[in-house]
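First comes the structure, then the notes that go with it.
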Amino acid sequence: MGDIRQSLLPRDVLSAAKELLYHLDIYICNLVQSGRQPPQVDSKTLELVEEFILHAPKDRNTPARRMSALQELQLLEIMCSCFQEQSRDAVRQLMFAALFNLQGNQADESRMALLGKLVSMAIAVSRVPILECAATWLQRTHRVYCVRLAQVLVDDYCSMVPGSVPTLQNIHSASPRFCCQFITAVTTLYDFTSEELTPPLELLQMIVSWIQDDPRLVLITFLNSPISGSQPITSLDVTPLGGLVRWCIKAPLVYRRDKKQALTNGSSENEPEVGPLFSALHLSVLQVLMLLPTILNEKGLFGRLALLQMESLAALTSDLSRLLDQADKHTHTSSADTLALSQLALDRLAQALQVAMASGALLCSREDLRAICSRLPHNNLLQLVLSGPVMYYNNIHTPPLAYSPHAAHSPIAPHPTLPALPTHRAHTPHAPLAPHPSSHPQYPAQPFMTGMPFPFRPSH
Amino acid sequence: MHGVTADSEKYRMSAQKDCEFLVKRARELVSDDPCAAKAWLITARTLYPADFNIQYEMYIIERNAEKTASAGRLLYDMFINFPDQPIVWREISVITAALRSDSQDKQAQFLRGLFETLPGRVQCEMLLKATEQCFNTLEKAEMLLLLLKRFPESVVQHGVNLGETLLEAEASENLETPVNCFRKLFVCDVLPLVINNMDMRLPASLMQKYMLKAAEFYIGYVTRGPSPDGQIQGSQEGGALKSPSVSRASQRYVIDGLTEKSSLVAEPWERLLDILAVVGARCEWQGDKGQRSYMDMLQRVKELCRYLPGLEGETRARCCSQVVICAALVLFRSAFFYVSAVQPALFQGISGLSSGPWILVEDLSSVYSDVEVERGALKHAHKKRKLADGREKTMSSDDEEGLGKGRGRHIVVNKNDMPNWSETLESFRTARESWDLLHSHDGLEAEFKKICAAWKTDSWLWFRIFLTDMIIYQGQYRKALSSLHQMAAVQQPQPGPQSPSGQASLEHHRALIQQASCHYALGEYRMACEKLLEVVSGLVPPNQEPPKTPEDQVRVKPKTRKGNDLRLLPCTSKSVLPFCLQLMLACFKLRAFTDSRDDLSLGHVVVLLQYDWPQGEMLFLKAVDKICQQGSFQYENFFNYVTNIDMLEEFAYLRTPEGGRIQLELLPNQGMLIKNPSPALGVELNTLLLQGVQTMDRHHTVTRGITKGVKEDFRLAMERQVSRCGENLLAVLHRFCINEKIIIIQSLP
């Protein structure tokens, strides 16, 4: 290695970086070919990357080499074509990791800066291999850095250059995995706590259209990752579902606040209404949740993997409770409009909780739900969801088992294009005629509240 | 126990209230925010998955938004989970109705698209259940047919039953024609599915029964008459428009109970051949599997026929069926093609070709040839006929003679008038061959007669026309005459708009002309002329004599044929009148030139020879010879009907010393011999005579008496005639036929 450094030192910055990339490519190819498990890039090489590509100062004595903007652009181009030309995915992934995996040192800042520029460029010129590597990076890296990368991309495409949104739109077809991770990062970033942390309208529109076109997009990372819970705890959620649920529930209250501000500022009259966007997004989220039972069953994860965490929902309900309090305080005379928007938020919460629970995305009892929702104001649907459905025995509507798609003697095979709904029903413990509802192992967390007399029936 | 029921009833009510609340909220939201409405319903469904109303509401939202895929998915769910809900069934029946209809409206298309999104087995199940709930036979059949077409495996179970149900329905409805809705479904839709399903093994007898049902349908379809509606429409439009679309408009045809689209059967003969090929293969008929064409088929069964006498039992029966079915189909098809060329107006959709009707008659183009050449032949025919007449009691017809005579007769057609003449004659020949084949063997004939009886072919006018022409061709004129009499009786009351050209009445006279031709061929000249004159009296003579085409002149070259050729004569007054004149000439020619003296016949011959002059010049000279030999000639009608300048000159010359001073009595009333049937007619004759000389010397003619010099009268008459030379000859001859009808008929034996 030492001799490589000696050969790189006399070169100018660009040709040294280029030479090192070339060297890295050969080195990783050999590494992969040697079959050593796991293939590990040695620390010397990582140091060379930091010195000659990221230009972190080697030590106090040597001044940091710097690249001009033009040289940096040339380097990015070289990196793009380098990933494009490498046909082996394993090599590409290792190389990307060697370049951009955070090392917890000084070089990480310039690493993030270069990564942001590279991914932004890859989006612009549609370099699928880089987007795929970036998707993996977004899965493995601490969420703080993921959110930073997302911020860079949103700034580049939604804020800095108007009219460049359609370019970003294309990542949906170029790399659905990257797109999915991007959505997760963005929903993590924008948590509606401040105006900066409210997604730009263009971004919102884009995400809604992506998910409406293909709801399964939301599940791509989950569908493609191994079952093992190998994800670092600090990384992004495996799906953007939690973030999207949070968006949809908070939106009615947050945008009401924004609207009030906009009115005081006297601007943005032509802003399109975000209400329908969130309504559509919320529906898409519910539809995605309805896809889950089949997928979870196929993976053998039904009842074992919670895609929505209780803790984050608890945080959401407490946020919501705070927002509702604020709303009440700000409007001295609680207007009908405010009331309606509050109820809309609560309706969505109730819907998300119920559907997530029924689809196995949320593993908890109704008792748990009542606990996290205890501080929320009254809402009919939420009451109904918290109490659960009324069960009774002589149910005339219950379908006879002969028509169940899962009955062995059924003349009709399960609908191939309809994975979620019938399956879900067959396994649902609500069906009172199912012989042993509790024998379904997928449902350990959902207690079967048979005929439970419930004091909170909605007052309808 | 009581307590438990009361509790569960309470819970049931409570659950129902929840569901009503959820659906109500969704309904409130759907117009302003459909997404929110759907979110409510998704939530509701996870709470109460067994509630029908929630799912129905979801379905209705998707259906109203015309979202095919999601509506289909929800309908599927409802169908699986709520199979007893009447609302679901109402919906399914609306969808299956859309499937059966050919309506192109948006709603029907959406419903069809929705059905297509369902998985096959659900479609199958739905159609079966919908069929069970259907009580109208036709609808039920159409529904089941949708099922069979989509799911070939269901053919095994339902195919034959459906077919039999349709045939039973047809029988019980007492429908008069095989072209009805039940048969159409059976033949065009069910049968191909049944016979092409290799998982089914049907007995040969059933296959053959079905085959004949199909054949009867397709033949009936092809030979269906123009529908009265179409005709009226066609003629109304015909007044205003001359475009080809008019004829197409009259082709519209609807089978009772079906839509116009499903009443249409494309390429019926090809479809029939397809069925025949499959049935043949499955009944293990001889010959290669795929029947390539009807002609190949005829050749094959012809060969097969040779082996027939050597076969026995099962094999023989199978062989017989093959020969009879194949030959019969070739016969009906070829006969149809022949008749559609000869009598196009009989059929729906063919009249557009506007090649009017044609009549198969004796060819008379050699009528102007010398008498001697053919006298021998005719005398012979005469003798033969006498022999046949003598045997009439035992033979009942002239079959034997006819068959001998019928071999290889030539049929003359004007190729310009009938562009498809060769196909037409070929069809005629093929049909006759098939007929002969079917009658070459008792066993075959018996089988064929069974088919004819079952199909009631006796009542097929078009087929009778073919049969009549065939027996004429075979020379069985007696038989042909009785057939023509029957046909005339059937055809007479045919209603229909009378076209201005008198075309309709001409068609009525078609049978008369054919009868005349037959009588002539039998040597019954008086009957022949009676029929002819009946026809002529209905004709309007053309205003102008048609200019002779070069083709006409070529045709007249004396032919060396034996004189028993046939001819397809266009049934137009332009062609019919000349034919009548020729036929009359042919009738009188023999009498006029016998050794005994018959001036009246000779005079008629001279009058008739004027037509197509100078074709008859040789015969005219022969007549002049005969007059010279007799030394005198008496024909009072001469100046009424002879306007030919050559003839007038010749007769004028005959009176001169150079011409032999022949004594000519050509003026009316000149002798007492004139047989004036009534005084009225006599006056009329005089008036007619005067037409050409109105101004010149009417006075003279009227006051002419026996005292005046005969010579002077003849000279004056001649002068008058010369001035009449420009008269329309056809009008003169038409007048001759009408005015002299009685004399003409009486002068024949």
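We name chains A, B, ... following the order of the structure tokens; residues begin at 1 in each chain, and ligands are numbered from 1 as shown.
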Taking only C-alpha atoms into account and nothing else, which residues of chain B lie no more than 8 Å away from chain A? Please answer as a PDB file with N, CA, C and O atoms, in the first residue's frame.
ATOM      1  N   SER B   8     -77.287 -12.155  22.918  1.00  0.00           N
ATOM      2  CA  SER B   8     -76.681 -12.130  21.589  1.00  0.00           C
ATOM      3  C   SER B   8     -77.515 -11.261  20.649  1.00  0.00           C
ATOM      4  O   SER B   8     -76.964 -10.629  19.751  1.00  0.00           O
ATOM      5  N   GLU B   9     -78.822 -11.203  20.880  1.00  0.00           N
ATOM      6  CA  GLU B   9     -79.661 -10.322  20.068  1.00  0.00           C
ATOM      7  C   GLU B   9     -79.274  -8.867  20.341  1.00  0.00           C
ATOM      8  O   GLU B   9     -79.159  -8.057  19.413  1.00  0.00           O
ATOM      9  N   TYR B  11     -76.370  -7.819  21.329  1.00  0.00           N
ATOM     10  CA  TYR B  11     -75.083  -7.576  20.681  1.00  0.00           C
ATOM     11  C   TYR B  11     -75.251  -7.400  19.177  1.00  0.00           C
ATOM     12  O   TYR B  11     -74.596  -6.583  18.545  1.00  0.00           O
ATOM     13  N   ARG B  12     -76.143  -8.242  18.640  1.00  0.00           N
ATOM     14  CA  ARG B  12     -76.350  -8.164  17.186  1.00  0.00           C
ATOM     15  C   ARG B  12     -76.851  -6.765  16.811  1.00  0.00           C
ATOM     16  O   ARG B  12     -76.364  -6.145  15.867  1.00  0.00           O
ATOM     17  N   SER B  14     -76.407  -4.093  18.431  1.00  0.00           N
ATOM     18  CA  SER B  14     -75.334  -3.138  18.669  1.00  0.00           C
ATOM     19  C   SER B  14     -74.345  -3.139  17.499  1.00  0.00           C
ATOM     20  O   SER B  14     -73.957  -2.072  17.008  1.00  0.00           O
ATOM     21  N   ALA B  15     -73.979  -4.343  17.064  1.00  0.00           N
ATOM     22  CA  ALA B  15     -73.052  -4.460  15.937  1.00  0.00           C
ATOM     23  C   ALA B  15     -73.659  -3.835  14.687  1.00  0.00           C
ATOM     24  O   ALA B  15     -72.986  -3.122  13.930  1.00  0.00           O
ATOM     25  N   ASP B  18     -73.308  -0.157  14.804  1.00  0.00           N
ATOM     26  CA  ASP B  18     -71.941   0.228  14.439  1.00  0.00           C
ATOM     27  C   ASP B  18     -71.805   0.264  12.914  1.00  0.00           C
ATOM     28  O   ASP B  18     -71.312   1.237  12.337  1.00  0.00           O
ATOM     29  N   PHE B  21     -73.583   3.064  11.275  1.00  0.00           N
ATOM     30  CA  PHE B  21     -72.859   4.314  11.521  1.00  0.00           C
ATOM     31  C   PHE B  21     -71.687   4.464  10.537  1.00  0.00           C
ATOM     32  O   PHE B  21     -71.516   5.508   9.902  1.00  0.00           O
ATOM     33  N   ASP B  33     -65.096  13.820  -0.686  1.00  0.00           N
ATOM     34  CA  ASP B  33     -63.767  13.248  -0.481  1.00  0.00           C
ATOM     35  C   ASP B  33     -63.852  11.722  -0.586  1.00  0.00           C
ATOM     36  O   ASP B  33     -63.914  11.011   0.413  1.00  0.00           O
ATOM     37  N   CYS B  35     -61.742   9.551  -1.200  1.00  0.00           N
ATOM     38  CA  CYS B  35     -60.673   8.808  -0.531  1.00  0.00           C
ATOM     39  C   CYS B  35     -60.999   8.591   0.942  1.00  0.00           C
ATOM     40  O   CYS B  35     -60.805   7.499   1.489  1.00  0.00           O
ATOM     41  N   ALA B  36     -61.518   9.636   1.563  1.00  0.00           N
ATOM     42  CA  ALA B  36     -61.870   9.508   2.974  1.00  0.00           C
ATOM     43  C   ALA B  36     -62.985   8.475   3.148  1.00  0.00           C
ATOM     44  O   ALA B  36     -62.940   7.649   4.070  1.00  0.00           O
ATOM     45  N   LYS B  38     -63.548   5.910   1.342  1.00  0.00           N
ATOM     46  CA  LYS B  38     -62.970   4.573   1.203  1.00  0.00           C
ATOM     47  C   LYS B  38     -62.183   4.195   2.458  1.00  0.00           C
ATOM     48  O   LYS B  38     -62.207   3.037   2.888  1.00  0.00           O
ATOM     49  N   ALA B  39     -61.485   5.179   3.027  1.00  0.00           N
ATOM     50  CA  ALA B  39     -60.720   4.901   4.245  1.00  0.00           C
ATOM     51  C   ALA B  39     -61.658   4.446   5.357  1.00  0.00           C
ATOM     52  O   ALA B  39     -61.372   3.497   6.088  1.00  0.00           O
ATOM     53  N   TRP B  40     -62.783   5.103   5.462  1.00  0.00           N
ATOM     54  CA  TRP B  40     -63.789   4.698   6.454  1.00  0.00           C
ATOM     55  C   TRP B  40     -64.242   3.259   6.210  1.00  0.00           C
ATOM     56  O   TRP B  40     -64.369   2.472   7.152  1.00  0.00           O
ATOM     57  N   ILE B  42     -62.731   0.849   4.555  1.00  0.00           N
ATOM     58  CA  ILE B  42     -61.676  -0.145   4.808  1.00  0.00           C
ATOM     59  C   ILE B  42     -61.603  -0.429   6.299  1.00  0.00           C
ATOM     60  O   ILE B  42     -61.552  -1.580   6.740  1.00  0.00           O
ATOM     61  N   THR B  43     -61.645   0.640   7.052  1.00  0.00           N
ATOM     62  CA  THR B  43     -61.615   0.478   8.500  1.00  0.00           C
ATOM     63  C   THR B  43     -62.830  -0.335   8.961  1.00  0.00           C
ATOM     64  O   THR B  43     -62.717  -1.275   9.749  1.00  0.00           O
ATOM     65  N   THR B  46     -62.497  -4.003   8.399  1.00  0.00           N
ATOM     66  CA  THR B  46     -61.645  -4.754   9.325  1.00  0.00           C
ATOM     67  C   THR B  46     -62.350  -4.936  10.677  1.00  0.00           C
ATOM     68  O   THR B  46     -62.064  -5.882  11.396  1.00  0.00           O
ATOM     69  N   LEU B  47     -63.276  -4.023  10.968  1.00  0.00           N
ATOM     70  CA  LEU B  47     -64.019  -4.176  12.223  1.00  0.00           C
ATOM     71  C   LEU B  47     -65.112  -5.230  12.083  1.00  0.00           C
ATOM     72  O   LEU B  47     -65.293  -6.085  12.949  1.00  0.00           O
ATOM     73  N   TYR B  48     -65.853  -5.145  10.966  1.00  0.00           N
ATOM     74  CA  TYR B  48     -66.970  -6.070  10.757  1.00  0.00           C
ATOM     75  C   TYR B  48     -66.832  -6.751   9.387  1.00  0.00           C
ATOM     76  O   TYR B  48     -67.517  -6.396   8.426  1.00  0.00           O
ATOM     77  N   PRO B  49     -65.927  -7.690   9.308  1.00  0.00           N
ATOM     78  CA  PRO B  49     -65.682  -8.315   7.987  1.00  0.00           C
ATOM     79  C   PRO B  49     -66.891  -9.087   7.460  1.00  0.00           C
ATOM     80  O   PRO B  49     -66.985  -9.333   6.274  1.00  0.00           O
ATOM     81  N   ALA B  50     -67.822  -9.440   8.334  1.00  0.00           N
ATOM     82  CA  ALA B  50     -68.950 -10.244   7.879  1.00  0.00           C
ATOM     83  C   ALA B  50     -70.150  -9.393   7.512  1.00  0.00           C
ATOM     84  O   ALA B  50     -71.206  -9.918   7.205  1.00  0.00           O
ATOM     85  N   ASP B  51     -69.989  -8.074   7.572  1.00  0.00           N
ATOM     86  CA  ASP B  51     -71.149  -7.235   7.253  1.00  0.00           C
ATOM     87  C   ASP B  51     -71.224  -6.976   5.764  1.00  0.00           C
ATOM     88  O   ASP B  51     -70.275  -6.469   5.155  1.00  0.00           O
ATOM     89  N   PHE B  52     -72.371  -7.294   5.200  1.00  0.00           N
ATOM     90  CA  PHE B  52     -72.523  -7.166   3.745  1.00  0.00           C
ATOM     91  C   PHE B  52     -72.575  -5.713   3.297  1.00  0.00           C
ATOM     92  O   PHE B  52     -71.965  -5.338   2.300  1.00  0.00           O
ATOM     93  N   ARG B  73     -62.656  -6.734  -7.925  1.00  0.00           N
ATOM     94  CA  ARG B  73     -62.137  -7.378  -6.730  1.00  0.00           C
ATOM     95  C   ARG B  73     -63.202  -7.439  -5.641  1.00  0.00           C
ATOM     96  O   ARG B  73     -63.389  -8.452  -4.971  1.00  0.00           O
ATOM     97  N   ASP B  77     -65.205 -10.549  -3.819  1.00  0.00           N
ATOM     98  CA  ASP B  77     -65.335 -10.766  -2.386  1.00  0.00           C
ATOM     99  C   ASP B  77     -66.785 -11.016  -1.997  1.00  0.00           C
ATOM    100  O   ASP B  77     -67.083 -11.922  -1.227  1.00  0.00           O
ATOM    101  N   ILE B  80     -67.994 -14.405  -3.065  1.00  0.00           N
ATOM    102  CA  ILE B  80     -67.469 -15.488  -2.237  1.00  0.00           C
ATOM    103  C   ILE B  80     -68.128 -15.486  -0.859  1.00  0.00           C
ATOM    104  O   ILE B  80     -68.527 -16.524  -0.347  1.00  0.00           O
ATOM    105  N   ASN B  81     -68.256 -14.291  -0.293  1.00  0.00           N
ATOM    106  CA  ASN B  81     -68.655 -14.228   1.104  1.00  0.00           C
ATOM    107  C   ASN B  81     -70.164 -14.097   1.318  1.00  0.00           C
ATOM    108  O   ASN B  81     -70.656 -14.427   2.388  1.00  0.00           O
ATOM    109  N   PHE B  82     -70.838 -13.576   0.322  1.00  0.00           N
ATOM    110  CA  PHE B  82     -72.285 -13.377   0.501  1.00  0.00           C
ATOM    111  C   PHE B  82     -73.044 -13.998  -0.669  1.00  0.00           C
ATOM    112  O   PHE B  82     -73.748 -13.309  -1.401  1.00  0.00           O
ATOM    113  N   PRO B  83     -72.904 -15.286  -0.848  1.00  0.00           N
ATOM    114  CA  PRO B  83     -73.490 -15.904  -2.047  1.00  0.00           C
ATOM    115  C   PRO B  83     -75.011 -15.890  -2.020  1.00  0.00           C
ATOM    116  O   PRO B  83     -75.632 -16.127  -3.046  1.00  0.00           O
ATOM    117  N   PRO B 119     -61.277 -13.684 -11.662  1.00  0.00           N
ATOM    118  CA  PRO B 119     -60.533 -14.899 -12.021  1.00  0.00           C
ATOM    119  C   PRO B 119     -61.467 -15.903 -12.699  1.00  0.00           C
ATOM    120  O   PRO B 119     -62.666 -15.925 -12.429  1.00  0.00           O
ATOM    121  N   ARG B 121     -62.220 -18.997 -12.594  1.00  0.00           N
ATOM    122  CA  ARG B 121     -63.107 -19.934 -11.910  1.00  0.00           C
ATOM    123  C   ARG B 121     -64.291 -19.218 -11.303  1.00  0.00           C
ATOM    124  O   ARG B 121     -65.381 -19.776 -11.185  1.00  0.00           O
ATOM    125  N   VAL B 122     -64.071 -17.961 -10.925  1.00  0.00           N
ATOM    126  CA  VAL B 122     -65.195 -17.195 -10.385  1.00  0.00           C
ATOM    127  C   VAL B 122     -66.170 -16.856 -11.506  1.00  0.00           C
ATOM    128  O   VAL B 122     -67.382 -16.940 -11.335  1.00  0.00           O
TER     129      VAL B 122
END
#### Entry: CA of Ser632 in chain B to CA of Val367 in chain B, distance in Å rounded to a single decimal
25.8 Å
### Task
Fewer than 2 positions away in the same chain doesn't count, so skip those; otherwise give me all residues within 9 Å of range 318-331 of chain B, counting only C-alpha atoms, as a VMD selection string.
chain B and resid 204 208 211 to 212 215 219 276 280 283 to 286 294 to 295 297 to 298 300 to 302 304 to 305 308 311 313 to 316 333 to 336 427 430 to 435 437 to 438 443 to 445 447 to 448 451
Do you know which residues are at most 12 Å from Ser575 in chain B counting only C-alpha atoms, after dropping those on the same chain fewer than 4 positions away, and could you put them as a CSV table (one decimal) with N, CA, C and O atoms, in the first residue's frame?
chain,number,residue,atom,x,y,z
B,356,GLY,N,-81.0,-9.9,-63.9
B,356,GLY,CA,-82.4,-10.3,-63.7
B,356,GLY,C,-82.6,-11.8,-63.9
B,356,GLY,O,-81.6,-12.6,-64.0
B,357,PRO,N,-83.8,-12.3,-63.8
B,357,PRO,CA,-84.0,-13.7,-63.9
B,357,PRO,C,-83.7,-14.3,-65.3
B,357,PRO,O,-83.7,-13.5,-66.3
B,358,TRP,N,-83.4,-15.5,-65.3
B,358,TRP,CA,-83.0,-16.2,-66.5
B,358,TRP,C,-83.9,-17.4,-66.7
B,358,TRP,O,-84.3,-18.0,-65.7
B,359,ILE,N,-84.2,-17.7,-68.0
B,359,ILE,CA,-85.1,-18.9,-68.2
B,359,ILE,C,-84.3,-19.9,-69.0
B,359,ILE,O,-83.8,-19.6,-70.1
B,414,ASN,N,-75.6,-15.9,-73.4
B,414,ASN,CA,-74.9,-14.7,-73.9
B,414,ASN,C,-74.0,-14.3,-72.8
B,414,ASN,O,-74.4,-13.8,-71.7
B,417,ASP,N,-74.2,-10.8,-71.2
B,417,ASP,CA,-75.3,-10.6,-70.2
B,417,ASP,C,-75.1,-11.3,-68.9
B,417,ASP,O,-75.6,-10.8,-67.9
B,506,LEU,N,-93.1,-10.0,-65.7
B,506,LEU,CA,-92.2,-10.8,-66.5
B,506,LEU,C,-91.8,-12.1,-65.7
B,506,LEU,O,-91.8,-13.2,-66.3
B,513,ILE,N,-93.2,-19.2,-70.2
B,513,ILE,CA,-92.2,-19.3,-71.3
B,513,ILE,C,-91.6,-20.7,-71.3
B,513,ILE,O,-91.4,-21.4,-72.3
B,536,VAL,N,-96.9,-12.9,-74.6
B,536,VAL,CA,-96.7,-11.7,-75.4
B,536,VAL,C,-97.8,-10.6,-75.1
B,536,VAL,O,-97.5,-9.4,-75.1
B,539,LEU,N,-96.7,-8.3,-72.7
B,539,LEU,CA,-95.5,-7.5,-72.9
B,539,LEU,C,-95.8,-6.2,-73.5
B,539,LEU,O,-96.8,-6.0,-74.2
B,541,PRO,N,-94.2,-3.8,-76.2
B,541,PRO,CA,-93.1,-3.8,-77.2
B,541,PRO,C,-92.2,-2.7,-77.0
B,541,PRO,O,-92.6,-1.6,-76.6
B,542,PRO,N,-90.9,-2.9,-77.2
B,542,PRO,CA,-90.0,-1.8,-77.0
B,542,PRO,C,-90.2,-0.7,-78.0
B,542,PRO,O,-90.7,-1.0,-79.1
B,545,GLU,N,-86.6,-0.7,-82.1
B,545,GLU,CA,-86.0,-2.0,-82.3
B,545,GLU,C,-84.5,-1.9,-81.8
B,545,GLU,O,-83.8,-0.9,-82.2
B,546,PRO,N,-84.1,-2.7,-80.9
B,546,PRO,CA,-82.7,-2.6,-80.5
B,546,PRO,C,-81.7,-2.7,-81.6
B,546,PRO,O,-81.9,-3.6,-82.5
B,552,ASP,N,-74.6,-10.2,-81.9
B,552,ASP,CA,-75.8,-10.8,-82.4
B,552,ASP,C,-75.6,-11.4,-83.8
B,552,ASP,O,-76.1,-12.4,-84.1
B,567,ARG,N,-80.8,-23.0,-73.8
B,567,ARG,CA,-80.3,-21.7,-73.8
B,567,ARG,C,-80.8,-21.0,-72.5
B,567,ARG,O,-82.0,-21.3,-72.1
B,568,LEU,N,-79.9,-20.2,-71.9
B,568,LEU,CA,-80.4,-19.4,-70.8
B,568,LEU,C,-80.8,-18.0,-71.3
B,568,LEU,O,-80.0,-17.3,-71.8
B,569,LEU,N,-82.1,-17.8,-71.2
B,569,LEU,CA,-82.6,-16.6,-71.8
B,569,LEU,C,-82.9,-15.6,-70.7
B,569,LEU,O,-83.6,-15.9,-69.7
B,570,PRO,N,-82.4,-14.3,-70.9
B,570,PRO,CA,-82.7,-13.3,-69.9
B,570,PRO,C,-84.2,-13.0,-69.9
B,570,PRO,O,-84.8,-12.9,-70.9
B,571,CYS,N,-84.7,-12.9,-68.7
B,571,CYS,CA,-86.2,-12.7,-68.6
B,571,CYS,C,-86.5,-11.2,-68.6
B,571,CYS,O,-87.0,-10.6,-67.7
B,579,PHE,N,-87.6,-14.1,-78.5
B,579,PHE,CA,-87.7,-15.5,-78.3
B,579,PHE,C,-89.1,-16.1,-78.7
B,579,PHE,O,-89.2,-17.1,-79.4
B,580,CYS,N,-90.1,-15.4,-78.3
B,580,CYS,CA,-91.5,-15.8,-78.6
B,580,CYS,C,-91.6,-15.9,-80.1
B,580,CYS,O,-92.2,-16.8,-80.7
B,581,LEU,N,-91.1,-14.8,-80.8
B,581,LEU,CA,-91.3,-14.8,-82.3
B,581,LEU,C,-90.5,-16.0,-82.9
B,581,LEU,O,-91.1,-16.6,-83.8
B,582,GLN,N,-89.4,-16.3,-82.4
B,582,GLN,CA,-88.6,-17.4,-83.0
B,582,GLN,C,-89.3,-18.7,-82.7
B,582,GLN,O,-89.3,-19.6,-83.5
B,730,LEU,N,-90.9,-4.4,-84.2
B,730,LEU,CA,-91.4,-5.2,-83.0
B,730,LEU,C,-92.8,-4.8,-82.6
B,730,LEU,O,-93.6,-5.7,-82.2
### Query
DSSP on the backbone: what in range 103-293 of chain A comes out helix (DSSP H, G or I), as a count of residues only?
139
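Neighbouring residues of Gln663 in chain B at 10 Å or closer, counting only C-alpha atoms and skipping chain neighbours under 6 positions away, are Ile627, Cys628, Gln630, Gly631, Ser632, Phe633, Gln634, Leu654, Arg655 and Thr656 of chain B.
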### Task
List the neighbours of Leu189 in chain A out to 8 Å using only C-alpha atoms; skip same-chain residues closer than 5 positions along the sequence, and give me the result as a PyMOL selection string.
chain A and resi 147+150-151+197
The selected residues should be written to file as a PDB file, in the first residue's frame (atoms: all heavy atoms).
ATOM      1  N   VAL A 147     -31.186  11.148   6.866  1.00  0.00           N
ATOM      2  CA  VAL A 147     -32.015  12.338   6.781  1.00  0.00           C
ATOM      3  C   VAL A 147     -31.226  13.489   6.152  1.00  0.00           C
ATOM      4  O   VAL A 147     -31.757  14.254   5.344  1.00  0.00           O
ATOM      5  CB  VAL A 147     -32.522  12.686   8.206  1.00  0.00           C
ATOM      6  CG1 VAL A 147     -33.023  14.102   8.264  1.00  0.00           C
ATOM      7  CG2 VAL A 147     -33.595  11.702   8.622  1.00  0.00           C
ATOM      8  N   ALA A 150     -31.185  12.966   2.464  1.00  0.00           N
ATOM      9  CA  ALA A 150     -32.508  13.295   1.921  1.00  0.00           C
ATOM     10  C   ALA A 150     -32.654  14.811   1.815  1.00  0.00           C
ATOM     11  O   ALA A 150     -33.144  15.333   0.810  1.00  0.00           O
ATOM     12  CB  ALA A 150     -33.603  12.715   2.808  1.00  0.00           C
ATOM     13  N   GLN A 151     -32.176  15.496   2.849  1.00  0.00           N
ATOM     14  CA  GLN A 151     -32.268  16.954   2.861  1.00  0.00           C
ATOM     15  C   GLN A 151     -31.532  17.577   1.664  1.00  0.00           C
ATOM     16  O   GLN A 151     -32.050  18.452   0.994  1.00  0.00           O
ATOM     17  CB  GLN A 151     -31.651  17.466   4.176  1.00  0.00           C
ATOM     18  CG  GLN A 151     -31.654  18.975   4.316  1.00  0.00           C
ATOM     19  CD  GLN A 151     -33.017  19.501   4.729  1.00  0.00           C
ATOM     20  OE1 GLN A 151     -33.478  19.220   5.842  1.00  0.00           O
ATOM     21  NE2 GLN A 151     -33.671  20.233   3.848  1.00  0.00           N
ATOM     22  N   LEU A 197     -39.677  21.879   8.886  1.00  0.00           N
ATOM     23  CA  LEU A 197     -39.853  20.430   8.893  1.00  0.00           C
ATOM     24  C   LEU A 197     -41.234  20.027   8.375  1.00  0.00           C
ATOM     25  O   LEU A 197     -41.790  18.994   8.722  1.00  0.00           O
ATOM     26  CB  LEU A 197     -39.603  19.873  10.288  1.00  0.00           C
ATOM     27  CG  LEU A 197     -38.136  20.051  10.735  1.00  0.00           C
ATOM     28  CD1 LEU A 197     -37.924  19.517  12.140  1.00  0.00           C
ATOM     29  CD2 LEU A 197     -37.182  19.366   9.759  1.00  0.00           C
TER      30      LEU A 197
END
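The residue set within 7 Å of range 464-472 of chain B, counting only C-alpha atoms and dropping same-chain residues fewer than 4 places from it, reads Ala335, Val339, Leu360, Arg432, Trp460, Gln476, Tyr477, Ala480 and Ser483 of chain B.
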